[in-house]
$ cat target-v6.pdb   # PDB, C-alpha atoms
ATOM      1  CA  MET A   1    -162.907 188.275 -56.227
ATOM      2  CA  SER A   2    -160.758 185.824 -58.198
ATOM      3  CA  ILE A   3    -159.584 182.243 -57.770
ATOM      4  CA  CYS A   4    -157.060 180.016 -59.545
ATOM      5  CA  ILE A   5    -157.646 176.244 -59.759
ATOM      6  CA  GLU A   6    -155.517 173.501 -61.285
ATOM      7  CA  VAL A   7    -157.552 170.584 -62.661
ATOM      8  CA  TRP A   8    -156.488 167.350 -64.339
ATOM      9  CA  GLY A   9    -157.775 163.965 -65.424
ATOM     10  CA  ASP A  10    -157.258 160.976 -67.706
ATOM     11  CA  TYR A  11    -159.964 161.793 -70.250
ATOM     12  CA  ALA A  12    -162.189 164.705 -71.264
ATOM     13  CA  CYS A  13    -164.946 165.347 -73.787
ATOM     14  CA  PHE A  14    -166.081 168.926 -74.399
ATOM     15  CA  THR A  15    -168.575 168.050 -77.117
ATOM     16  CA  ARG A  16    -168.950 170.208 -80.205
ATOM     17  CA  PRO A  17    -172.690 171.007 -80.548
ATOM     18  CA  GLU A  18    -172.572 170.725 -84.351
ATOM     19  CA  MET A  19    -171.786 166.989 -84.078
ATOM     20  CA  LYS A  20    -175.198 165.304 -83.794
ATOM     21  CA  VAL A  21    -174.441 161.559 -83.838
ATOM     22  CA  GLU A  22    -170.907 160.924 -82.595
ATOM     23  CA  ARG A  23    -169.287 162.927 -79.815
ATOM     24  CA  VAL A  24    -166.299 164.992 -80.936
ATOM     25  CA  SER A  25    -164.459 167.079 -78.352
ATOM     26  CA  TYR A  26    -163.153 170.605 -78.738
ATOM     27  CA  ASP A  27    -159.363 170.858 -78.570
ATOM     28  CA  ILE A  28    -159.469 172.294 -75.048
ATOM     29  CA  MET A  29    -161.876 172.960 -72.196
ATOM     30  CA  THR A  30    -164.701 175.387 -72.965
ATOM     31  CA  PRO A  31    -165.607 178.310 -70.679
ATOM     32  CA  SER A  32    -169.003 176.749 -69.924
ATOM     33  CA  ALA A  33    -167.341 173.471 -68.895
ATOM     34  CA  ALA A  34    -164.926 175.393 -66.657
ATOM     35  CA  ARG A  35    -167.824 177.256 -65.052
ATOM     36  CA  GLY A  36    -169.712 174.007 -64.479
ATOM     37  CA  LEU A  37    -166.657 172.434 -62.867
ATOM     38  CA  ILE A  38    -166.244 175.354 -60.459
ATOM     39  CA  GLU A  39    -169.964 175.337 -59.635
ATOM     40  CA  SER A  40    -169.697 171.655 -58.689
ATOM     41  CA  ILE A  41    -167.175 172.754 -56.043
ATOM     42  CA  TYR A  42    -169.097 175.804 -54.832
ATOM     43  CA  TRP A  43    -172.389 177.186 -56.073
ATOM     44  CA  HIS A  44    -174.525 179.852 -54.441
ATOM     45  CA  PRO A  45    -177.588 181.654 -55.836
ATOM     46  CA  GLY A  46    -176.112 184.973 -54.752
ATOM     47  CA  LEU A  47    -173.047 184.830 -56.998
ATOM     48  CA  ARG A  48    -172.205 184.267 -60.650
ATOM     49  CA  TRP A  49    -168.946 182.666 -61.780
ATOM     50  CA  ILE A  50    -167.130 184.241 -64.739
ATOM     51  CA  ILE A  51    -164.189 182.518 -66.451
ATOM     52  CA  ASP A  52    -161.280 184.859 -67.237
ATOM     53  CA  ARG A  53    -158.751 182.528 -68.865
ATOM     54  CA  ILE A  54    -157.845 178.868 -69.238
ATOM     55  CA  HIS A  55    -154.216 177.704 -69.253
ATOM     56  CA  VAL A  56    -153.478 174.464 -71.113
ATOM     57  CA  LEU A  57    -150.645 172.642 -69.348
ATOM     58  CA  THR A  58    -150.302 169.515 -71.507
ATOM     59  CA  PRO A  59    -150.039 168.934 -75.274
ATOM     60  CA  ILE A  60    -153.406 168.379 -76.960
ATOM     61  CA  ARG A  61    -153.873 164.638 -77.541
ATOM     62  CA  PHE A  62    -156.961 162.862 -78.912
ATOM     63  CA  THR A  63    -158.068 159.246 -78.647
ATOM     64  CA  ASN A  64    -161.015 157.217 -79.955
ATOM     65  CA  LEU A  65    -163.356 155.317 -77.681
ATOM     66  CA  ARG A  66    -166.636 153.444 -78.153
ATOM     67  CA  ARG A  67    -169.100 153.797 -75.288
ATOM     68  CA  ASN A  68    -172.552 152.496 -74.476
ATOM     69  CA  GLU A  69    -175.115 155.292 -74.400
ATOM     70  CA  VAL A  70    -178.877 155.488 -73.957
ATOM     71  CA  LYS A  71    -180.283 156.780 -77.239
ATOM     72  CA  SER A  72    -183.603 158.157 -75.948
ATOM     73  CA  THR A  73    -184.813 160.661 -73.378
ATOM     74  CA  VAL A  74    -188.084 161.158 -71.554
ATOM     75  CA  SER A  75    -189.409 164.365 -73.118
ATOM     76  CA  ALA A  76    -191.473 167.051 -71.386
ATOM     77  CA  ARG A  77    -194.316 166.291 -73.800
ATOM     78  CA  THR A  78    -194.332 162.626 -72.770
ATOM     79  CA  ALA A  79    -194.330 163.558 -69.096
ATOM     80  CA  LYS A  80    -197.222 165.971 -69.616
ATOM     81  CA  THR A  81    -199.244 163.338 -71.470
ATOM     82  CA  VAL A  82    -198.729 160.777 -68.689
ATOM     83  CA  MET A  83    -199.735 163.323 -66.052
ATOM     84  CA  GLU A  84    -202.927 164.209 -67.924
ATOM     85  CA  ARG A  85    -203.903 160.585 -68.539
ATOM     86  CA  GLY A  86    -202.916 159.388 -65.104
ATOM     87  CA  SER A  87    -201.070 156.380 -66.513
ATOM     88  CA  GLY A  88    -198.078 155.600 -68.684
ATOM     89  CA  GLU A  89    -194.338 155.001 -68.498
ATOM     90  CA  LEU A  90    -191.990 157.654 -67.203
ATOM     91  CA  TYR A  91    -188.816 155.617 -67.354
ATOM     92  CA  LEU A  92    -186.318 154.137 -69.780
ATOM     93  CA  VAL A  93    -185.113 150.535 -69.825
ATOM     94  CA  THR A  94    -181.436 150.937 -70.644
ATOM     95  CA  SER A  95    -181.013 147.309 -71.691
ATOM     96  CA  ASP A  96    -183.627 147.865 -74.422
ATOM     97  CA  ASP A  97    -182.571 151.383 -75.381
ATOM     98  CA  ILE A  98    -178.796 151.230 -75.467
ATOM     99  CA  GLN A  99    -176.424 151.634 -78.380
ATOM    100  CA  GLN A 100    -172.707 152.013 -78.961
ATOM    101  CA  ARG A 101    -171.354 155.345 -80.135
ATOM    102  CA  ALA A 102    -167.848 156.345 -81.098
ATOM    103  CA  SER A 103    -166.327 159.350 -79.335
ATOM    104  CA  LEU A 104    -163.256 161.427 -80.118
ATOM    105  CA  LEU A 105    -161.920 162.334 -76.666
ATOM    106  CA  LEU A 106    -159.032 164.234 -75.147
ATOM    107  CA  ARG A 107    -156.592 162.257 -73.030
ATOM    108  CA  GLY A 108    -154.204 163.270 -70.282
ATOM    109  CA  VAL A 109    -155.603 166.760 -69.751
ATOM    110  CA  ARG A 110    -154.424 169.378 -67.255
ATOM    111  CA  TYR A 111    -155.590 172.989 -67.015
ATOM    112  CA  VAL A 112    -155.415 176.006 -64.776
ATOM    113  CA  ILE A 113    -158.675 177.947 -64.580
ATOM    114  CA  GLU A 114    -158.628 181.616 -63.617
ATOM    115  CA  ALA A 115    -162.063 182.905 -62.666
ATOM    116  CA  HIS A 116    -163.843 185.484 -60.561
ATOM    117  CA  PHE A 117    -167.351 185.914 -59.260
ATOM    118  CA  ASP A 118    -169.845 188.756 -59.168
ATOM    119  CA  ILE A 119    -172.378 189.078 -56.378
ATOM    120  CA  LEU A 120    -176.027 189.203 -57.431
ATOM    121  CA  PRO A 121    -177.626 191.649 -54.959
ATOM    122  CA  GLU A 122    -181.169 190.558 -55.821
ATOM    123  CA  LYS A 123    -180.399 186.960 -54.797
ATOM    124  CA  ALA A 124    -177.785 187.384 -52.066
ATOM    125  CA  ALA A 125    -178.712 187.397 -48.381
ATOM    126  CA  PRO A 126    -178.135 190.561 -46.306
ATOM    127  CA  GLY A 127    -175.084 189.010 -44.645
ATOM    128  CA  ASP A 128    -173.453 187.842 -47.884
ATOM    129  CA  ASN A 129    -170.300 189.598 -49.073
ATOM    130  CA  ALA A 130    -167.320 188.943 -51.342
ATOM    131  CA  GLY A 131    -164.939 188.154 -48.477
ATOM    132  CA  LYS A 132    -167.289 185.518 -47.081
ATOM    133  CA  PHE A 133    -167.635 183.755 -50.425
ATOM    134  CA  GLN A 134    -163.888 183.947 -51.057
ATOM    135  CA  ASP A 135    -163.100 182.275 -47.730
ATOM    136  CA  ILE A 136    -165.648 179.507 -48.368
ATOM    137  CA  VAL A 137    -164.253 178.767 -51.830
ATOM    138  CA  LYS A 138    -160.640 178.663 -50.603
ATOM    139  CA  ARG A 139    -161.570 176.339 -47.735
ATOM    140  CA  ARG A 140    -163.455 173.960 -50.023
ATOM    141  CA  LEU A 141    -160.583 173.872 -52.519
ATOM    142  CA  GLN A 142    -158.014 173.134 -49.830
ATOM    143  CA  LYS A 143    -160.144 170.344 -48.329
ATOM    144  CA  GLY A 144    -161.125 168.874 -51.705
ATOM    145  CA  GLN A 145    -164.837 169.377 -51.009
ATOM    146  CA  PHE A 146    -167.512 169.431 -53.709
ATOM    147  CA  TYR A 147    -171.288 169.118 -54.117
ATOM    148  CA  HIS A 148    -170.996 166.547 -56.875
ATOM    149  CA  GLN A 149    -167.958 165.032 -58.592
ATOM    150  CA  PRO A 150    -166.311 167.611 -60.871
ATOM    151  CA  CYS A 151    -165.917 166.261 -64.381
ATOM    152  CA  PHE A 152    -164.538 167.057 -67.820
ATOM    153  CA  GLY A 153    -167.638 167.288 -69.968
ATOM    154  CA  CYS A 154    -169.112 163.865 -69.101
ATOM    155  CA  ARG A 155    -169.731 162.380 -65.662
ATOM    156  CA  GLU A 156    -167.604 159.312 -66.459
ATOM    157  CA  PHE A 157    -164.528 161.550 -66.860
ATOM    158  CA  PRO A 158    -163.863 162.789 -63.296
ATOM    159  CA  ALA A 159    -161.642 165.793 -62.658
ATOM    160  CA  ASN A 160    -159.123 166.203 -59.839
ATOM    161  CA  PHE A 161    -158.547 169.710 -58.517
ATOM    162  CA  THR A 162    -156.318 171.712 -56.204
ATOM    163  CA  PRO A 163    -155.673 175.407 -55.521
ATOM    164  CA  CYS A 164    -153.036 176.794 -57.905
ATOM    165  CA  GLU A 165    -150.328 178.880 -56.271
ATOM    166  CA  SER A 166    -148.190 179.420 -59.391
ATOM    167  CA  ILE A 167    -149.013 178.667 -63.026
ATOM    168  CA  PRO A 168    -146.605 176.159 -64.675
ATOM    169  CA  ASP A 169    -144.778 177.040 -67.878
ATOM    170  CA  CYS A 170    -146.452 176.537 -71.231
ATOM    171  CA  PRO A 171    -145.555 173.243 -72.995
ATOM    172  CA  GLU A 172    -143.147 173.802 -75.886
ATOM    173  CA  GLU A 173    -145.659 172.279 -78.309
ATOM    174  CA  LEU A 174    -148.247 174.960 -77.511
ATOM    175  CA  ARG A 175    -146.007 178.004 -77.888
ATOM    176  CA  GLY A 176    -147.139 180.532 -80.445
ATOM    177  CA  GLU A 177    -150.669 181.217 -81.637
ATOM    178  CA  LYS A 178    -153.275 178.621 -82.589
ATOM    179  CA  ASP A 179    -156.724 179.452 -83.945
ATOM    180  CA  LEU A 180    -159.228 176.936 -82.557
ATOM    181  CA  GLY A 181    -162.176 178.366 -84.518
ATOM    182  CA  TYR A 182    -165.522 179.212 -82.991
ATOM    183  CA  MET A 183    -166.075 177.669 -79.578
ATOM    184  CA  LEU A 184    -169.123 177.392 -77.342
ATOM    185  CA  TYR A 185    -169.039 180.218 -74.808
ATOM    186  CA  ASP A 186    -172.146 179.406 -72.765
ATOM    187  CA  MET A 187    -175.911 179.100 -73.002
ATOM    188  CA  ASP A 188    -178.107 182.196 -72.785
ATOM    189  CA  TYR A 189    -181.086 181.478 -70.498
ATOM    190  CA  ALA A 190    -182.446 185.040 -70.535
ATOM    191  CA  ASP A 191    -185.548 183.827 -72.394
ATOM    192  CA  PRO A 192    -186.619 180.376 -71.100
ATOM    193  CA  GLU A 193    -188.704 179.907 -74.255
ATOM    194  CA  ASN A 194    -185.703 180.535 -76.492
ATOM    195  CA  ILE A 195    -182.463 179.276 -74.935
ATOM    196  CA  ARG A 196    -179.600 180.232 -77.255
ATOM    197  CA  PRO A 197    -176.008 179.006 -77.523
ATOM    198  CA  LEU A 198    -173.313 181.697 -77.500
ATOM    199  CA  PHE A 199    -169.984 181.387 -79.337
ATOM    200  CA  PHE A 200    -166.659 183.215 -79.544
ATOM    201  CA  ARG A 201    -163.491 182.923 -81.626
ATOM    202  CA  ALA A 202    -161.045 180.919 -79.532
ATOM    203  CA  ILE A 203    -157.368 181.823 -79.973
ATOM    204  CA  LEU A 204    -154.786 179.873 -77.962
ATOM    205  CA  ARG A 205    -151.716 182.037 -77.367
ATOM    206  CA  ASN A 206    -148.752 180.355 -75.695
ATOM    207  CA  GLY A 207    -151.124 177.841 -74.126
ATOM    208  CA  VAL A 208    -153.524 180.473 -72.761
ATOM    209  CA  LEU A 209    -157.130 180.982 -73.836
ATOM    210  CA  GLU A 210    -158.339 184.486 -72.973
ATOM    211  CA  VAL A 211    -162.112 184.372 -72.471
ATOM    212  CA  PRO A 212    -163.788 187.615 -73.580
ATOM    213  CA  PRO A 213    -166.403 189.283 -71.337
ATOM    214  CA  ARG A 214    -170.031 188.546 -72.224
ATOM    215  CA  ASP A 215    -170.667 192.147 -73.321
ATOM    216  CA  SER A 216    -167.389 192.639 -75.209
ATOM    217  CA  GLY A 217    -168.886 192.225 -78.663
ATOM    218  CA  GLU A 218    -166.700 189.164 -79.299
ATOM    219  CA  VAL A 219    -169.444 186.829 -78.052
ATOM    220  CA  ILE A 220    -172.100 186.114 -80.649
ATOM    221  CA  GLY A 221    -175.395 184.240 -80.525
TER
END
$ encode --input "target-v6.pdb" --output "C-alpha coordinates"
Amino acid sequence: MSICIEVWGDYACFTRPEMKVERVSYDIMTPSAARGLIESIYWHPGLRWIIDRIHVLTPIRFTNLRRNEVKSTVSARTAKTVMERGSGELYLVTSDDIQQRASLLLRGVRYVIEAHFDILPEKAAPGDNAGKFQDIVKRRLQKGQFYHQPCFGCREFPANFTPCESIPDCPEELRGEKDLGYMLYDMDYADPENIRPLFFRAILRNGVLEVPPRDSGEVIG
(Lines of atoms letter the chains of each structure in order from A and count residues from 1; the text may use other names and numbers.)
(Lines give C-alpha, C1' and ligand atoms only; values in the text may rest on other atoms or scores of the structure.)
Protein backbone atom coordinates (compact mmCIF):
# COMPACT_ATOMS: atom_id res chain seq x y z
CA MET A 1 0.00 0.00 0.00
CA SER A 2 1.41 3.39 -1.00
CA ILE A 3 1.17 6.95 0.28
CA CYS A 4 2.22 10.36 -1.04
CA ILE A 5 3.25 13.13 1.39
CA GLU A 6 4.31 16.71 0.74
CA VAL A 7 6.80 18.05 3.30
CA TRP A 8 8.47 21.44 3.64
CA GLY A 9 10.49 23.57 6.03
CA ASP A 10 12.88 26.50 6.39
CA TYR A 11 16.07 24.50 6.92
CA ALA A 12 17.34 20.94 6.55
CA CYS A 13 20.57 19.06 7.22
CA PHE A 14 20.96 15.53 5.83
CA THR A 15 24.51 15.06 7.07
CA ARG A 16 27.12 13.34 4.94
CA PRO A 17 28.69 10.58 7.10
CA GLU A 18 32.17 11.20 5.67
CA MET A 19 32.24 14.68 7.27
CA LYS A 20 33.51 14.09 10.81
CA VAL A 21 33.89 17.58 12.31
CA GLU A 22 31.55 20.01 10.56
CA ARG A 23 28.08 19.07 9.36
CA VAL A 24 27.66 19.17 5.58
CA SER A 25 24.28 18.30 4.10
CA TYR A 26 23.57 16.20 1.04
CA ASP A 27 21.98 18.13 -1.81
CA ILE A 28 18.56 16.60 -1.14
CA MET A 29 16.73 14.45 1.39
CA THR A 30 18.08 10.92 1.82
CA PRO A 31 15.85 7.82 1.77
CA SER A 32 16.67 7.10 5.43
CA ALA A 33 15.65 10.64 6.42
CA ALA A 34 12.39 10.26 4.47
CA ARG A 35 11.69 6.95 6.21
CA GLY A 36 12.40 8.48 9.61
CA LEU A 37 10.05 11.37 8.88
CA ILE A 38 7.22 9.02 7.91
CA GLU A 39 7.84 6.84 10.98
CA SER A 40 7.48 9.92 13.19
CA ILE A 41 3.95 10.24 11.78
CA TYR A 42 3.05 6.55 11.98
CA TRP A 43 5.18 3.65 13.15
CA HIS A 44 4.04 0.11 13.89
CA PRO A 45 6.15 -2.99 14.59
CA GLY A 46 4.07 -4.95 12.10
CA LEU A 47 5.01 -2.90 9.04
CA ARG A 48 8.14 -1.65 7.29
CA TRP A 49 8.23 1.61 5.34
CA ILE A 50 10.01 1.61 1.96
CA ILE A 51 10.77 4.83 0.08
CA ASP A 52 10.03 4.64 -3.66
CA ARG A 53 10.96 8.13 -4.87
CA ILE A 54 11.57 11.67 -3.66
CA HIS A 55 10.43 14.69 -5.69
CA VAL A 56 12.39 17.91 -5.18
CA LEU A 57 10.03 20.87 -5.55
CA THR A 58 12.39 23.80 -4.93
CA PRO A 59 15.83 24.74 -6.29
CA ILE A 60 18.71 23.42 -4.18
CA ARG A 61 20.02 26.26 -2.00
CA PHE A 62 22.71 26.07 0.71
CA THR A 63 23.47 28.37 3.62
CA ASN A 64 26.09 28.46 6.39
CA LEU A 65 25.18 28.49 10.05
CA ARG A 66 27.13 28.19 13.31
CA ARG A 67 25.36 26.25 16.05
CA ASN A 68 26.11 25.28 19.63
CA GLU A 69 26.53 21.53 19.99
CA VAL A 70 27.48 19.19 22.82
CA LYS A 71 30.79 17.61 21.84
CA SER A 72 30.61 14.48 24.03
CA THR A 73 28.30 11.53 24.55
CA VAL A 74 27.76 9.11 27.40
CA SER A 75 29.15 5.86 25.98
CA ALA A 76 27.89 2.34 26.70
CA ARG A 77 31.28 1.55 28.25
CA THR A 78 30.94 4.45 30.69
CA ALA A 79 27.43 3.38 31.63
CA LYS A 80 28.57 -0.20 32.21
CA THR A 81 31.45 0.96 34.42
CA VAL A 82 29.13 3.11 36.55
CA MET A 83 26.68 0.23 36.93
CA GLU A 84 29.42 -2.15 38.04
CA ARG A 85 30.94 0.31 40.52
CA GLY A 86 27.63 1.56 41.81
CA SER A 87 28.73 5.19 41.56
CA GLY A 88 29.74 7.71 38.94
CA GLU A 89 28.28 10.32 36.60
CA LEU A 90 25.79 9.38 33.92
CA TYR A 91 25.09 12.87 32.66
CA LEU A 92 26.63 15.70 30.68
CA VAL A 93 26.82 19.34 31.77
CA THR A 94 26.14 21.17 28.52
CA SER A 95 27.54 24.47 29.80
CA ASP A 96 30.91 22.75 30.34
CA ASP A 97 30.82 20.56 27.24
CA ILE A 98 29.53 22.84 24.52
CA GLN A 99 31.25 24.11 21.40
CA GLN A 100 30.35 25.97 18.24
CA ARG A 101 30.38 24.11 14.94
CA ALA A 102 29.80 25.37 11.43
CA SER A 103 27.13 23.64 9.35
CA LEU A 104 26.37 23.75 5.64
CA LEU A 105 22.57 23.48 5.52
CA LEU A 106 19.81 23.45 2.96
CA ARG A 107 17.29 26.28 3.09
CA GLY A 108 13.73 26.58 1.87
CA VAL A 109 13.19 22.89 1.18
CA ARG A 110 10.04 21.21 -0.15
CA TYR A 111 9.66 17.57 -1.19
CA VAL A 112 7.06 15.02 -2.10
CA ILE A 113 7.77 11.56 -0.70
CA GLU A 114 6.27 8.50 -2.38
CA ALA A 115 6.46 5.41 -0.20
CA HIS A 116 4.77 2.11 0.52
CA PHE A 117 4.80 -0.35 3.37
CA ASP A 118 5.18 -4.10 3.66
CA ILE A 119 3.51 -6.04 6.45
CA LEU A 120 5.80 -8.13 8.64
CA PRO A 121 3.73 -11.25 9.44
CA GLU A 122 6.00 -12.31 12.30
CA LYS A 123 5.37 -9.01 14.13
CA ALA A 124 1.84 -8.10 13.06
CA ALA A 125 -1.19 -8.95 15.19
CA PRO A 126 -3.82 -11.38 13.84
CA GLY A 127 -6.22 -8.51 13.11
CA ASP A 128 -3.66 -6.36 11.28
CA ASN A 129 -4.03 -5.90 7.52
CA ALA A 130 -2.95 -3.47 4.80
CA GLY A 131 -6.32 -1.71 4.62
CA LYS A 132 -6.30 -1.01 8.35
CA PHE A 133 -2.82 0.51 8.26
CA GLN A 134 -3.66 2.54 5.15
CA ASP A 135 -6.72 4.08 6.81
CA ILE A 136 -4.74 4.94 9.96
CA VAL A 137 -1.97 6.64 7.98
CA LYS A 138 -4.41 8.68 5.87
CA ARG A 139 -6.31 9.81 8.97
CA ARG A 140 -3.13 10.87 10.76
CA LEU A 141 -1.89 12.79 7.71
CA GLN A 142 -5.18 14.63 7.30
CA LYS A 143 -5.31 15.57 11.00
CA GLY A 144 -1.62 16.49 11.20
CA GLN A 145 -0.97 13.91 13.92
CA PHE A 146 2.48 12.57 14.78
CA TYR A 147 4.30 10.71 17.57
CA HIS A 148 7.14 13.21 17.68
CA GLN A 149 7.83 16.32 15.61
CA PRO A 150 8.89 15.34 12.08
CA CYS A 151 12.17 16.96 11.15
CA PHE A 152 14.68 17.39 8.33
CA GLY A 153 17.75 15.61 9.63
CA CYS A 154 18.06 17.50 12.95
CA ARG A 155 15.39 18.07 15.58
CA GLU A 156 15.83 21.86 15.40
CA PHE A 157 14.70 21.81 11.75
CA PRO A 158 10.99 20.88 11.98
CA ALA A 159 9.09 19.64 8.95
CA ASN A 160 5.52 20.50 7.99
CA PHE A 161 3.52 17.85 6.15
CA THR A 162 0.25 17.29 4.32
CA PRO A 163 -1.21 14.58 2.08
CA CYS A 164 -0.23 15.15 -1.57
CA GLU A 165 -3.07 14.85 -4.06
CA SER A 166 -1.10 15.89 -7.16
CA ILE A 167 2.66 16.34 -7.58
CA PRO A 168 3.69 19.90 -8.61
CA ASP A 169 5.80 20.49 -11.71
CA CYS A 170 9.56 20.23 -11.52
CA PRO A 171 11.39 23.59 -11.06
CA GLU A 172 13.05 24.74 -14.28
CA GLU A 173 16.44 24.76 -12.55
CA LEU A 174 16.23 21.03 -11.82
CA ARG A 175 15.25 19.85 -15.29
CA GLY A 176 17.59 17.35 -16.87
CA GLU A 177 19.87 14.88 -15.13
CA LYS A 178 22.13 15.60 -12.16
CA ASP A 179 24.51 13.06 -10.62
CA LEU A 180 24.58 13.58 -6.84
CA GLY A 181 27.23 10.89 -6.25
CA TYR A 182 26.93 8.17 -3.65
CA MET A 183 24.27 8.83 -1.05
CA LEU A 184 23.39 7.13 2.23
CA TYR A 185 20.58 4.65 1.61
CA ASP A 186 19.99 3.37 5.14
CA MET A 187 21.65 1.50 7.98
CA ASP A 188 21.76 -2.30 7.97
CA TYR A 189 20.88 -3.60 11.46
CA ALA A 190 20.84 -7.29 10.47
CA ASP A 191 23.88 -7.91 12.68
CA PRO A 192 23.66 -5.81 15.89
CA GLU A 193 27.39 -6.35 16.43
CA ASN A 194 28.23 -4.96 13.00
CA ILE A 195 25.81 -2.22 11.93
CA ARG A 196 26.72 -1.17 8.38
CA PRO A 197 25.84 1.90 6.32
CA LEU A 198 24.38 1.23 2.86
CA PHE A 199 24.88 3.54 -0.14
CA PHE A 200 23.54 3.96 -3.67
CA ARG A 201 24.32 6.18 -6.65
CA ALA A 202 21.83 9.03 -6.52
CA ILE A 203 20.73 10.43 -9.89
CA LEU A 204 18.25 13.32 -9.91
CA ARG A 205 16.22 13.25 -13.12
CA ASN A 206 13.87 16.18 -13.71
CA GLY A 207 13.73 16.75 -9.96
CA VAL A 208 12.93 13.11 -9.11
CA LEU A 209 15.17 10.73 -7.17
CA GLU A 210 14.25 7.11 -7.88
CA VAL A 211 15.20 5.01 -4.85
CA PRO A 212 16.31 1.50 -5.85
CA PRO A 213 14.95 -1.55 -3.96
CA ARG A 214 17.22 -2.94 -1.24
CA ASP A 215 17.87 -6.15 -3.20
CA SER A 216 18.30 -4.53 -6.62
CA GLY A 217 22.09 -4.75 -6.66
CA GLU A 218 22.36 -0.95 -6.83
CA VAL A 219 22.61 -0.71 -3.03
CA ILE A 220 26.09 -1.42 -1.71
CA GLY A 221 27.50 -1.78 1.79
$ closest_residue --input "target-v6.pdb" --among "A:Met29, A:Ile41, A:Arg77, A:Ile3" --to "Lys143 of chain A" --atoms "only C-alpha atoms"
A:Ile41
$ resolve_selection --input "target-v6.pdb" --expression "the PyMOL selection byres ((chain A and resi 39) around 10)" --output "PyMOL selection string"
chain A and resi 33-38+40-44+48-49+146-148+150
$ residues_around --input "target-v6.pdb" --residues "segment 96-101 of chain A" --least-positions-apart "3" --cutoff "9 Å" --atoms "all atoms listed in the file" --output "PyMOL selection string"
chain A and resi 21-23+65-72+92-93
$ closest_residue --input "target-v6.pdb" --among "A:Thr94, A:Ser87, A:Asn160, A:Asn64" --to "Asp10 of chain A" --atoms "all atoms listed in the file"
A:Asn160
$ residues_around --input "target-v6.pdb" --residues "segment 176-182 of chain A" --least-positions-apart "4" --cutoff "6 Å" --atoms "only C-alpha atoms" --output "list in words"
Phe200, Arg201, Ala202, Ile203, Leu204, Arg205 and Asn206 of chain A
$ atom_distance --input "target-v6.pdb" --atom1 "atom CA of Tyr111 of chain A" --atom2 "atom CA of Asn129 of chain A"
28.5 Å
$ atom_distance --input "target-v6.pdb" --atom1 "atom CA of Lys132 of chain A" --atom2 "atom CA of Gln145 of chain A"
16.8 Å
$ residues_around --input "target-v6.pdb" --residues "Ser32 of chain A" --least-positions-apart "6" --cutoff "8 Å" --atoms "all atoms listed in the file" --output "PyMOL selection string"
chain A and resi 184-187
$ atom_distance --input "target-v6.pdb" --atom1 "atom CA of Gly144 of chain A" --atom2 "atom CA of Phe161 of chain A"
7.3 Å
$ closest_residue --input "target-v6.pdb" --among "A:Pro212, A:Gly207, A:Pro31, A:Pro45" --to "Ala124 of chain A" --atoms "only C-alpha atoms"
A:Pro45
$ closest_residue --input "target-v6.pdb" --among "A:Asp191, A:Glu210, A:Asp52, A:Asp27" --to "His116 of chain A" --atoms "only C-alpha atoms"
A:Asp52
$ closest_residue --input "target-v6.pdb" --among "A:Val24, A:Val208, A:Leu120, A:Cys164" --to "Lys138 of chain A" --atoms "only C-alpha atoms"
A:Cys164
$ residues_near_point --input "target-v6.pdb" --point "(-153.5, 167.6, -71.1)" --cutoff "12 Å" --atoms "all atoms listed in the file" --output "number ranges by chain"
A: 6-13, 27-29, 55-62, 105-112, 152, 159, 170-171, 173-174, 207
$ build_atoms --input "target-v6.pdb" --residues "segment 130-147 of chain A" --atoms "N, CA, C and O atoms" --output "CSV table (one decimal), keeping the file's coordinate frame"
chain,number,residue,atom,x,y,z
A,130,ALA,N,-168.4,189.6,-50.5
A,130,ALA,CA,-167.3,188.9,-51.3
A,130,ALA,C,-166.3,188.2,-50.5
A,130,ALA,O,-165.8,187.1,-50.8
A,131,GLY,N,-165.9,188.8,-49.3
A,131,GLY,CA,-164.9,188.2,-48.5
A,131,GLY,C,-165.4,186.8,-47.9
A,131,GLY,O,-164.7,185.8,-47.9
A,132,LYS,N,-166.7,186.8,-47.6
A,132,LYS,CA,-167.3,185.5,-47.1
A,132,LYS,C,-167.2,184.4,-48.1
A,132,LYS,O,-166.8,183.3,-47.9
A,133,PHE,N,-167.7,184.7,-49.3
A,133,PHE,CA,-167.6,183.8,-50.4
A,133,PHE,C,-166.2,183.3,-50.7
A,133,PHE,O,-165.9,182.1,-51.0
A,134,GLN,N,-165.3,184.3,-50.7
A,134,GLN,CA,-163.9,183.9,-51.1
A,134,GLN,C,-163.3,183.0,-50.1
A,134,GLN,O,-162.6,182.0,-50.4
A,135,ASP,N,-163.6,183.2,-48.8
A,135,ASP,CA,-163.1,182.3,-47.7
A,135,ASP,C,-163.7,180.9,-47.9
A,135,ASP,O,-163.0,179.9,-47.7
A,136,ILE,N,-165.0,180.8,-48.2
A,136,ILE,CA,-165.6,179.5,-48.4
A,136,ILE,C,-165.0,178.7,-49.5
A,136,ILE,O,-164.7,177.5,-49.4
A,137,VAL,N,-164.8,179.4,-50.7
A,137,VAL,CA,-164.3,178.8,-51.8
A,137,VAL,C,-162.8,178.3,-51.5
A,137,VAL,O,-162.5,177.1,-51.8
A,138,LYS,N,-162.0,179.1,-50.9
A,138,LYS,CA,-160.6,178.7,-50.6
A,138,LYS,C,-160.6,177.5,-49.7
A,138,LYS,O,-159.8,176.5,-49.9
A,139,ARG,N,-161.5,177.5,-48.7
A,139,ARG,CA,-161.6,176.3,-47.7
A,139,ARG,C,-162.0,175.0,-48.4
A,139,ARG,O,-161.4,174.0,-48.2
A,140,ARG,N,-163.0,175.2,-49.3
A,140,ARG,CA,-163.5,174.0,-50.0
A,140,ARG,C,-162.4,173.4,-51.0
A,140,ARG,O,-162.2,172.2,-51.1
A,141,LEU,N,-161.7,174.3,-51.6
A,141,LEU,CA,-160.6,173.9,-52.5
A,141,LEU,C,-159.5,173.2,-51.7
A,141,LEU,O,-159.0,172.1,-52.2
A,142,GLN,N,-159.1,173.7,-50.6
A,142,GLN,CA,-158.0,173.1,-49.8
A,142,GLN,C,-158.4,171.8,-49.3
A,142,GLN,O,-157.6,170.9,-49.1
A,143,LYS,N,-159.7,171.6,-48.9
A,143,LYS,CA,-160.1,170.3,-48.3
A,143,LYS,C,-160.6,169.3,-49.4
A,143,LYS,O,-161.0,168.2,-49.1
A,144,GLY,N,-160.7,169.8,-50.7
A,144,GLY,CA,-161.1,168.9,-51.7
A,144,GLY,C,-162.6,168.6,-51.6
A,144,GLY,O,-163.1,167.5,-52.1
A,145,GLN,N,-163.4,169.6,-51.2
A,145,GLN,CA,-164.8,169.4,-51.0
A,145,GLN,C,-165.6,169.8,-52.3
A,145,GLN,O,-165.1,170.6,-53.0
A,146,PHE,N,-166.7,169.1,-52.6
A,146,PHE,CA,-167.5,169.4,-53.7
A,146,PHE,C,-168.9,168.9,-53.5
A,146,PHE,O,-169.2,168.1,-52.6
A,147,TYR,N,-169.9,169.5,-54.2
A,147,TYR,CA,-171.3,169.1,-54.1
A,147,TYR,C,-171.6,167.9,-54.9
A,147,TYR,O,-172.3,167.0,-54.5
